[in-house]
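To start, the structure under review is shown below, and the notes come after it.
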Amino acid sequence: MSADDTPPETDADTNADADTTTDAGADTPAGADPHTLSTGDDEAEGDDAGETRHAFWADRIADEVEARDPEDPIVIKGGVSPSGIPHLGHFNEIIRGYFVAEVLRERGHEVRQVFTSDDKDALRKVPRSLADADWNIVGLGEVNAGALGRNLGKPYTTIPDPFGDHDSYGEHFTDLLQQSAEMIGVPVEMESNTELYAEGVFDDAVRHVFEHLDRAREVLAKYQDKVDEDYVPFQVQCANCGVLTTNITGYDVEAETVDYTCAGLEAGGQHIEGCGHEDTATFRDGKLMWRFEWPAQWMTLGVDFEPFGKDHAEGSWPSGVDIAENVFGIEPPVPMVYEWFTLNGEPLSSSSGNVVTVKEVLDLLEPEVLRYFFVRNPKRAKDFDVSTLDQLVDEFDRFERVYFGEEEEDENLAALAERAYPMLVDEVREERVRFPYTFAAVLGMVDDPDLRRRMARNEGHIGDDTPEWAVEDAMKRVERARRWAERMDNEYNYRLQLDLPETDFDEETVAALDELAEFVEAGHDGEEIQGEIYETAKRRDVETGDLFGAGYRLFFDQPQGPRLGTFLGELDTEFVVKRLRREA
Ligand SMILES: [Zn+2]
């Protein structure tokens with residue numbers, strides 16, 4: 001139980017800053033809810049006696065939502081607290097909510113997917129980096145950091161946008177998040193907490209809490225220390241200095257006002273000074289404390305389902321259920337706890353800079369692959385590793401082939417593919433072409449679009465009857481894989497030189513290259529060429545490294561390069577032969 005009654009930042013960012021446990025199901029209090037992290041089969045869920053067995057977890061959640069006989073539109077919610085950079089971690093809730101929304105829509109329901117921005121919360125810590133409106137990640141040194149520092153303790157929506165393109169810092173962040181959702185093709189309705197309070201949407205909830213303060217304290221005291229008889233789960237923004245204060249000295253339910261003396265705020269381990277200003281504010285000037293605000297959102301927005309990370313499962317979810325049932329008298333939404341994923345093996349964290357934005361990810365892979373990342377069991381910890389993105393893409397491609405019956409798979413995965421694959425793509429198209437990602441990266445070494453096509457044809461990825469749209473779509477992956485190679489500066493980050501580079505080889509090397517040219521001309525695949533490079537070097541008494549070096553110089557004008565034989569095997573034979581002979 002927390003002695004601190006300030007809201008835990010309610011987002012993936014906080015998720016991220018916490019330690020990520022990788023053994024799913026290790027430390028969640030049993031019985032907190034039916035979806036606490038638990039061990040189990042990766043895909044097969046809902047196999048309790050009497051339940052329909054579903055291949056896709058979203059179907060099981062949809063069953064539970066439907067079992068409550070909700071009124072349309074069904075409301076699915078997620079939430080975020082603005083931070084420095086809207087990043088992939090924020091998409092756990094958005095994409096998981098999307099799958100459940102899609103299932104319910106398929107079943108004939110009208111569904112709203114809303115995402116609340118907890119932008120009336122106080123800025124507690126100056127982030128290390130920010131994203132500008134064009135998605136450039138910038139360090140604080142490049143913006144007006146002082147302005148942020150002076151605004152600690154104030155609501156995000158009252159802090160000037162460091163980039164000056166939105167009305168506030170909160171709005172800047174929320175806009176980027178909405179853009180990210182659109183990029184993935186998940187239509188969410190963003191709801192600003194600031195606006196919900198200002199428009200009076202929370203009026204009933206706030207009044208209800210003030211009318212039942214004894215009850216509210218009694219329930220809260222089970223989860224939080226320092227709840228005395230004067231405690232009020234409400235804070236207001238000081239009219240003088242702008243800092244949020246919890247020092248409520250009186251209230252008037254009839255007039256819907258509170259009295260306060262500005263006493264500052266505890267934030268990020270430090271105390272932000274209040275100014276001592278005494279005043280009266282309206283309910284709409286303030287906000288409920290997080291443990292009440294969350295259930296108040298459920299009540300006012302009519303939330304039927306909400307996924308959340310395990311920090312909430314252990315923290316504000318149990319109190320939220322209690323407050324919903326015993327203070328507000330409402331039924332809490334169907335919950336779903338998801339396991340966080342790590343990025344490159346480390347927890348996602350804005351403060352440490354270990355983040356990747358949706359924009360960056362979509363520069364590297366297709367939206368359907370990113371959606372696929374969230375299809376698998378949400379209870380299982382995963383790592384999003386940019387250096388091995390090729391494996392994630394391969395996994396998606398296989399999932400797709402399983403859906404089209406082009407690859408045998410075990411029953412569970414086949415059933416999952418059957419169910420979920422259509423929700424990953426904009427259009428189910430059997431004639432699509434997918435280049436294996438690393439092959440796309442090899443094509444990315446070549447600038448000439450016609451040569452790329454010939455190479456893809458040589459390797460059998462494109463046939464005579466492949467529709468043009470499929471080729472064009474497939475070629476987009478080449479650009480993505482090329483960006484990946486550049487970003488990782490890995491073994492695919494080379495450029496084929498279409499013009500003969502200047503060279504100065506000794507006699508033995510020249511002879512070896514000529515022999516190799518003959519071998520290639522005779523018609524051999526990449527593996528055979530690779531082996532022959534070693535053989536030729538041995539025969540001609542050239543250092544193996546020198547012969548490979550000569551090849552890299554000829555083809556890339558670099559001292560090193562990718563696996564040479566394999567690469568040459570994928571190129572045009574005529575081109576390779578001429579180049580080995582230093583003719584073109
Ligand atoms: Zn003040």
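Within each chain, counting starts at residue 1; across the structure tokens, chains are named A, B, ... in the order shown, with ligands numbered 1 upward in that order.
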If you run DSSP on this backbone, which residues of stretch 330-508 of chain A come out as strand (DSSP E or B), and could you give them as a PyMOL selection string?
chain A and resi 334-338+341-343+346-347+349+354+382-384
Chain A near ligand 1 within 6 Å: what's each residue's closest atom pair and its distance in Å to one decimal, counting only C-alpha atoms and all ligand atoms, ordered by chain then ascending residue number, as a tab-separated table?
residue	atom	partner	partner_atom_place_in_ligand_line	distance
A:Cys238	CA	ligand 1	1 (Zn)	4.5
A:Asn240	CA	ligand 1	1 (Zn)	5.0
A:Cys241	CA	ligand 1	1 (Zn)	4.0
A:Gly242	CA	ligand 1	1 (Zn)	5.9
A:Val243	CA	ligand 1	1 (Zn)	5.7
A:Cys262	CA	ligand 1	1 (Zn)	4.5
A:Gly274	CA	ligand 1	1 (Zn)	4.8
A:Cys275	CA	ligand 1	1 (Zn)	4.1
A:Gly276	CA	ligand 1	1 (Zn)	5.9
A:His277	CA	ligand 1	1 (Zn)	5.3
Distance criterion (only C-alpha atoms): nearest to A:Phe328 out of A:Arg150, A:His312, A:Arg434, A:His212:
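Of A:Arg150, A:His312, A:Arg434, A:His212, the one nearest A:Phe328, counting only C-alpha atoms, is A:His212.
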Measuring atom to atom with only C-alpha atoms, identify which of A:Glu368, A:Glu521, A:Glu430, A:Asp214 is nearest to A:Glu406.
A:Glu430
Just asking: which residues within stretch 29-224 of chain A are alpha helix (DSSP H) according to DSSP, as a compact mmCIF listing (two decimals) with N, CA and C atoms, in the first residue's frame?
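Resulting contents of part_17.txt:
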# COMPACT_ATOMS: atom_id res chain seq x y z
N TRP A 57 -7.49 -14.84 -27.70
CA TRP A 57 -7.87 -14.31 -26.39
C TRP A 57 -8.96 -13.24 -26.49
N ALA A 58 -8.95 -12.48 -27.60
CA ALA A 58 -9.93 -11.40 -27.72
C ALA A 58 -11.36 -11.94 -27.77
N ASP A 59 -11.53 -13.16 -28.27
CA ASP A 59 -12.86 -13.77 -28.29
C ASP A 59 -13.34 -14.08 -26.88
N ARG A 60 -12.40 -14.50 -26.06
CA ARG A 60 -12.78 -14.85 -24.68
C ARG A 60 -13.19 -13.59 -23.91
N ILE A 61 -12.42 -12.50 -24.14
CA ILE A 61 -12.78 -11.23 -23.49
C ILE A 61 -14.16 -10.77 -23.99
N ALA A 62 -14.36 -10.90 -25.30
CA ALA A 62 -15.64 -10.47 -25.87
C ALA A 62 -16.80 -11.26 -25.27
N ASP A 63 -16.57 -12.56 -25.03
CA ASP A 63 -17.60 -13.37 -24.36
C ASP A 63 -17.98 -12.76 -23.01
N GLU A 64 -16.94 -12.37 -22.29
CA GLU A 64 -17.20 -11.82 -20.95
C GLU A 64 -17.93 -10.50 -21.01
N VAL A 65 -17.55 -9.68 -21.97
CA VAL A 65 -18.24 -8.40 -22.12
C VAL A 65 -19.70 -8.66 -22.47
N GLU A 66 -19.92 -9.57 -23.41
CA GLU A 66 -21.30 -9.87 -23.82
C GLU A 66 -22.13 -10.49 -22.71
N ALA A 67 -21.45 -11.26 -21.86
CA ALA A 67 -22.17 -11.93 -20.77
C ALA A 67 -22.82 -10.91 -19.83
N PHE A 91 1.12 1.47 -26.80
CA PHE A 91 0.19 0.79 -27.71
C PHE A 91 -0.29 -0.56 -27.24
N ASN A 92 0.23 -1.02 -26.11
CA ASN A 92 -0.31 -2.23 -25.51
C ASN A 92 -1.83 -2.13 -25.41
N GLU A 93 -2.28 -1.06 -24.78
CA GLU A 93 -3.72 -0.92 -24.53
C GLU A 93 -4.49 -0.63 -25.80
N ILE A 94 -3.90 0.20 -26.64
CA ILE A 94 -4.62 0.61 -27.85
C ILE A 94 -4.83 -0.59 -28.77
N ILE A 95 -3.81 -1.39 -29.00
CA ILE A 95 -3.96 -2.49 -29.94
C ILE A 95 -4.73 -3.65 -29.32
N ARG A 96 -4.51 -3.90 -28.04
CA ARG A 96 -5.28 -4.99 -27.42
C ARG A 96 -6.76 -4.62 -27.39
N GLY A 97 -7.03 -3.36 -27.07
CA GLY A 97 -8.42 -2.89 -27.09
C GLY A 97 -9.01 -3.02 -28.49
N TYR A 98 -8.18 -2.75 -29.48
CA TYR A 98 -8.63 -2.82 -30.88
C TYR A 98 -9.10 -4.23 -31.25
N PHE A 99 -8.33 -5.24 -30.83
CA PHE A 99 -8.72 -6.62 -31.18
C PHE A 99 -10.08 -6.98 -30.56
N VAL A 100 -10.27 -6.58 -29.32
CA VAL A 100 -11.55 -6.88 -28.68
C VAL A 100 -12.67 -6.10 -29.37
N ALA A 101 -12.37 -4.86 -29.72
CA ALA A 101 -13.37 -4.04 -30.43
C ALA A 101 -13.75 -4.70 -31.76
N GLU A 102 -12.75 -5.19 -32.48
CA GLU A 102 -13.02 -5.82 -33.78
C GLU A 102 -13.88 -7.07 -33.62
N VAL A 103 -13.56 -7.87 -32.61
CA VAL A 103 -14.35 -9.08 -32.37
C VAL A 103 -15.80 -8.71 -32.07
N LEU A 104 -15.98 -7.70 -31.22
CA LEU A 104 -17.34 -7.30 -30.86
C LEU A 104 -18.08 -6.71 -32.05
N ARG A 105 -17.36 -5.98 -32.89
CA ARG A 105 -18.00 -5.43 -34.09
C ARG A 105 -18.44 -6.56 -35.02
N GLU A 106 -17.59 -7.58 -35.12
CA GLU A 106 -17.95 -8.74 -35.93
C GLU A 106 -19.22 -9.40 -35.43
N ALA A 145 14.04 24.08 -21.99
CA ALA A 145 13.93 23.18 -20.85
C ALA A 145 13.57 23.92 -19.59
N GLY A 146 14.06 25.14 -19.48
CA GLY A 146 13.79 25.93 -18.28
C GLY A 146 12.30 26.11 -18.08
N ALA A 147 11.60 26.30 -19.18
CA ALA A 147 10.15 26.49 -19.09
C ALA A 147 9.49 25.25 -18.52
N LEU A 148 10.01 24.08 -18.89
CA LEU A 148 9.44 22.84 -18.33
C LEU A 148 9.77 22.75 -16.85
N GLY A 149 11.02 23.02 -16.51
CA GLY A 149 11.45 22.93 -15.11
C GLY A 149 10.62 23.84 -14.21
N TYR A 169 1.72 21.54 -23.58
CA TYR A 169 2.56 20.35 -23.60
C TYR A 169 1.68 19.10 -23.69
N GLY A 170 0.61 19.08 -22.90
CA GLY A 170 -0.29 17.93 -22.91
C GLY A 170 -0.91 17.70 -24.28
N GLU A 171 -1.30 18.79 -24.91
CA GLU A 171 -1.95 18.67 -26.21
C GLU A 171 -0.97 18.19 -27.28
N HIS A 172 0.24 18.68 -27.18
CA HIS A 172 1.30 18.26 -28.11
C HIS A 172 1.49 16.74 -28.04
N PHE A 173 1.59 16.25 -26.82
CA PHE A 173 1.80 14.82 -26.61
C PHE A 173 0.61 14.01 -27.12
N THR A 174 -0.59 14.44 -26.74
CA THR A 174 -1.79 13.70 -27.10
C THR A 174 -1.98 13.65 -28.61
N ASP A 175 -1.65 14.75 -29.26
CA ASP A 175 -1.79 14.79 -30.72
C ASP A 175 -0.86 13.77 -31.38
N LEU A 176 0.37 13.68 -30.88
CA LEU A 176 1.30 12.70 -31.45
C LEU A 176 0.80 11.28 -31.22
N LEU A 177 0.22 11.06 -30.05
CA LEU A 177 -0.29 9.72 -29.75
C LEU A 177 -1.44 9.36 -30.70
N GLN A 178 -2.30 10.33 -30.92
CA GLN A 178 -3.41 10.09 -31.84
C GLN A 178 -2.89 9.80 -33.26
N GLN A 179 -1.89 10.55 -33.66
CA GLN A 179 -1.27 10.31 -34.97
C GLN A 179 -0.74 8.88 -35.06
N SER A 180 -0.09 8.43 -33.99
CA SER A 180 0.46 7.07 -33.98
C SER A 180 -0.64 6.04 -34.16
N ALA A 181 -1.76 6.26 -33.46
CA ALA A 181 -2.87 5.31 -33.57
C ALA A 181 -3.39 5.27 -35.00
N GLU A 182 -3.44 6.43 -35.64
CA GLU A 182 -3.90 6.47 -37.02
C GLU A 182 -2.92 5.74 -37.95
N MET A 183 -1.63 5.88 -37.66
CA MET A 183 -0.63 5.20 -38.49
C MET A 183 -0.83 3.69 -38.46
N ILE A 184 -1.20 3.17 -37.29
CA ILE A 184 -1.42 1.71 -37.19
C ILE A 184 -2.80 1.34 -37.68
N ASN A 193 -8.73 14.45 -20.18
CA ASN A 193 -9.29 14.59 -18.83
C ASN A 193 -9.57 16.05 -18.51
N THR A 194 -8.64 16.91 -18.92
CA THR A 194 -8.81 18.34 -18.67
C THR A 194 -10.15 18.81 -19.24
N GLU A 195 -10.41 18.39 -20.48
CA GLU A 195 -11.66 18.82 -21.10
C GLU A 195 -12.87 18.18 -20.44
N LEU A 196 -12.72 16.90 -20.06
CA LEU A 196 -13.85 16.23 -19.41
C LEU A 196 -14.24 16.96 -18.12
N TYR A 197 -13.24 17.40 -17.36
CA TYR A 197 -13.56 18.17 -16.15
C TYR A 197 -14.17 19.51 -16.52
N ALA A 198 -13.54 20.19 -17.47
CA ALA A 198 -13.99 21.54 -17.82
C ALA A 198 -15.42 21.53 -18.36
N ASP A 203 -18.78 16.03 -13.35
CA ASP A 203 -19.51 16.69 -12.26
C ASP A 203 -20.20 15.71 -11.30
N ASP A 204 -20.97 14.79 -11.90
CA ASP A 204 -21.74 13.87 -11.05
C ASP A 204 -20.81 13.02 -10.19
N ALA A 205 -19.73 12.55 -10.80
CA ALA A 205 -18.80 11.69 -10.06
C ALA A 205 -18.15 12.47 -8.92
N VAL A 206 -17.72 13.69 -9.20
CA VAL A 206 -17.07 14.49 -8.16
C VAL A 206 -18.06 14.78 -7.03
N ARG A 207 -19.26 15.20 -7.42
CA ARG A 207 -20.26 15.50 -6.39
C ARG A 207 -20.55 14.26 -5.55
N HIS A 208 -20.64 13.14 -6.22
CA HIS A 208 -20.92 11.89 -5.51
C HIS A 208 -19.85 11.59 -4.46
N VAL A 209 -18.60 11.81 -4.83
CA VAL A 209 -17.52 11.56 -3.87
C VAL A 209 -17.65 12.49 -2.67
N PHE A 210 -17.93 13.78 -2.93
CA PHE A 210 -18.06 14.73 -1.82
C PHE A 210 -19.28 14.41 -0.96
N GLU A 211 -20.31 13.87 -1.56
CA GLU A 211 -21.51 13.52 -0.79
C GLU A 211 -21.30 12.25 0.04
N LEU A 213 -18.15 11.23 1.42
CA LEU A 213 -16.73 11.28 1.80
C LEU A 213 -16.35 10.24 2.86
N ASP A 214 -17.23 9.99 3.82
CA ASP A 214 -16.90 9.00 4.85
C ASP A 214 -16.69 7.63 4.22
N ARG A 215 -17.60 7.32 3.34
CA ARG A 215 -17.52 6.04 2.64
C ARG A 215 -16.23 5.96 1.81
N ALA A 216 -15.96 7.06 1.12
CA ALA A 216 -14.78 7.13 0.26
C ALA A 216 -13.51 6.93 1.09
N ARG A 217 -13.44 7.58 2.25
CA ARG A 217 -12.25 7.45 3.11
C ARG A 217 -12.11 6.02 3.63
N GLU A 218 -13.25 5.48 4.01
CA GLU A 218 -13.27 4.12 4.57
C GLU A 218 -12.72 3.10 3.56
N VAL A 219 -13.18 3.23 2.33
CA VAL A 219 -12.72 2.30 1.29
C VAL A 219 -11.24 2.55 0.97
N LEU A 220 -10.89 3.80 0.80
CA LEU A 220 -9.52 4.13 0.41
C LEU A 220 -8.51 3.70 1.48
Pairwise distance for atom CA of A:Asp304 and atom CA of A:Ile74, rounded to one decimal in Å
6.2 Å
Rounded to one decimal in Å, what is the spacing between atom CA of A:Ala122 and atom CA of A:Gly153?
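Distance between the two atoms: 4.8 Å.
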